[in-house]
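Containing mmCIF, C-alpha atoms: query.cif.
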data_upload
#
loop_
_atom_site.label_atom_id
_atom_site.label_comp_id
_atom_site.auth_asym_id
_atom_site.auth_seq_id
_atom_site.Cartn_x
_atom_site.Cartn_y
_atom_site.Cartn_z
CA MET N 1086 -15.04 -8.61 -21.07
CA GLY N 1087 -16.42 -8.66 -24.52
CA ASP N 1088 -19.26 -11.09 -25.08
CA ARG N 1089 -18.30 -13.46 -22.28
CA HIS N 1090 -20.34 -13.93 -19.13
CA ALA N 1091 -18.60 -12.02 -16.36
CA MET N 1092 -19.24 -11.17 -12.73
CA LYS N 1093 -18.47 -7.88 -11.04
CA VAL N 1094 -18.35 -6.42 -7.59
CA ILE N 1095 -17.81 -2.84 -6.43
CA PHE N 1096 -16.65 -2.19 -2.88
CA LEU N 1097 -15.10 0.43 -0.60
CA ASP N 1098 -11.99 -0.09 1.51
CA LYS N 1099 -8.95 1.71 2.88
CA ASP N 1100 -5.27 1.41 2.08
CA ASN N 1101 -2.42 1.38 4.62
CA ASN N 1102 -2.49 5.20 4.76
CA ASP N 1103 -6.24 5.31 5.56
CA ASN N 1104 -7.11 6.62 2.08
CA HIS N 1105 -10.67 5.69 1.13
CA LEU N 1106 -10.65 3.60 -2.05
CA LYS N 1107 -13.37 2.39 -4.37
CA THR N 1108 -12.71 -0.78 -6.34
CA LEU N 1109 -14.40 -2.45 -9.29
CA GLN N 1110 -13.44 -6.09 -9.83
CA THR N 1111 -14.66 -7.93 -12.91
CA TRP N 1112 -13.87 -11.54 -13.62
CA THR N 1113 -14.69 -14.42 -15.91
CA LEU N 1114 -13.73 -18.09 -16.02
CA ILE N 1115 -12.41 -19.72 -19.19
CA ASP N 1116 -11.08 -23.28 -19.25
CA ASN N 1117 -10.74 -23.35 -15.45
CA LYS N 1118 -8.71 -20.11 -15.45
CA ALA N 1119 -9.90 -16.91 -13.79
CA TYR N 1120 -9.29 -13.63 -15.61
CA ILE N 1121 -9.64 -10.70 -13.22
CA ILE N 1122 -9.62 -7.00 -14.11
CA ILE N 1123 -9.45 -4.40 -11.35
CA TYR N 1124 -10.12 -0.67 -11.46
CA ARG N 1125 -9.31 1.12 -8.19
CA ALA N 1126 -9.15 4.80 -7.31
CA GLU N 1127 -9.53 7.07 -4.34
CA GLU N 1128 -13.24 7.22 -3.62
CA ASP N 1129 -13.62 10.89 -4.56
CA LYS N 1130 -11.75 10.36 -7.87
CA TYR N 1131 -13.34 7.03 -8.87
CA ALA N 1132 -16.11 8.51 -11.04
CA GLY N 1133 -13.57 10.42 -13.13
CA GLY N 1134 -12.09 7.23 -14.57
CA GLU N 1135 -14.99 4.81 -14.25
CA LYS N 1136 -16.39 5.33 -17.76
CA LEU N 1137 -12.99 4.71 -19.38
CA ALA N 1138 -12.33 1.69 -17.16
CA LYS N 1139 -15.66 0.12 -18.13
CA LYS N 1140 -15.01 0.84 -21.81
CA ILE N 1141 -11.63 -0.90 -21.59
CA ILE N 1142 -13.09 -3.87 -19.68
CA ASN N 1143 -15.90 -4.29 -22.20
CA SER N 1144 -13.45 -4.18 -25.11
CA LEU N 1145 -11.24 -7.00 -23.83
CA GLU N 1146 -11.24 -10.20 -25.84
CA ILE N 1147 -9.82 -13.37 -24.36
CA ASN N 1148 -9.18 -16.17 -26.85
#
Same coordinates, now as structure tokens:
Amino acid sequence: MGDRHAMKVIFLDKDNNDNHLKTLQTWTLIDNKAYIIIYRAEEDKYAGGEKLAKKIINSLEIN
């Protein structure tokens, strides 16, 4: 999230169809508002989009 301090968590879970999912959640607080970005994919496909997701997250600017 640009130059702002942000937190992130990566976790595994399942959807309603028992598909295994991997999720990256990144968030920051600005003026008492939470800005949350989520990248989620099936666990075996997560790595294929992770680099692009992180690039997009790091390019975000919140004014």
Please write as a ChimeraX atom specification the full residue list that the PyMOL selection byres ((chain N and resi 1098-1106) around 12) yields on this file.
/N:1095-1097,1107-1109,1124-1132
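Put simply, CA of Leu1114 (chain N) is 12.8 Å away from CA of Glu1146 (chain N).
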Need the shell around Lys1093 (chain N): protein/DNA/RNA residues with any atom at most 10 Å away, counting all atoms listed in the file. Skip same-chain ones fewer than 6 positions apart. Format as a PDB file with C-alpha atoms, keeping the file's coordinate frame?
ATOM      1  CA  LEU N1109     -14.400  -2.450  -9.290  1.00  0.00           C
ATOM      2  CA  GLN N1110     -13.440  -6.090  -9.830  1.00  0.00           C
ATOM      3  CA  THR N1111     -14.660  -7.930 -12.910  1.00  0.00           C
ATOM      4  CA  TRP N1112     -13.870 -11.540 -13.620  1.00  0.00           C
ATOM      5  CA  THR N1113     -14.690 -14.420 -15.910  1.00  0.00           C
ATOM      6  CA  ILE N1121      -9.640 -10.700 -13.220  1.00  0.00           C
ATOM      7  CA  ILE N1122      -9.620  -7.000 -14.110  1.00  0.00           C
ATOM      8  CA  ILE N1123      -9.450  -4.400 -11.350  1.00  0.00           C
TER       9      ILE N1123
END
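With CA of Tyr1120 (chain N) on one side and CA of Ala1091 (chain N) on the other, the separation reads 9.5 Å.
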Separating CA of Ile1142 (chain N) from CA of His1090 (chain N), to the nearest tenth of an Å, is a gap of 12.4 Å
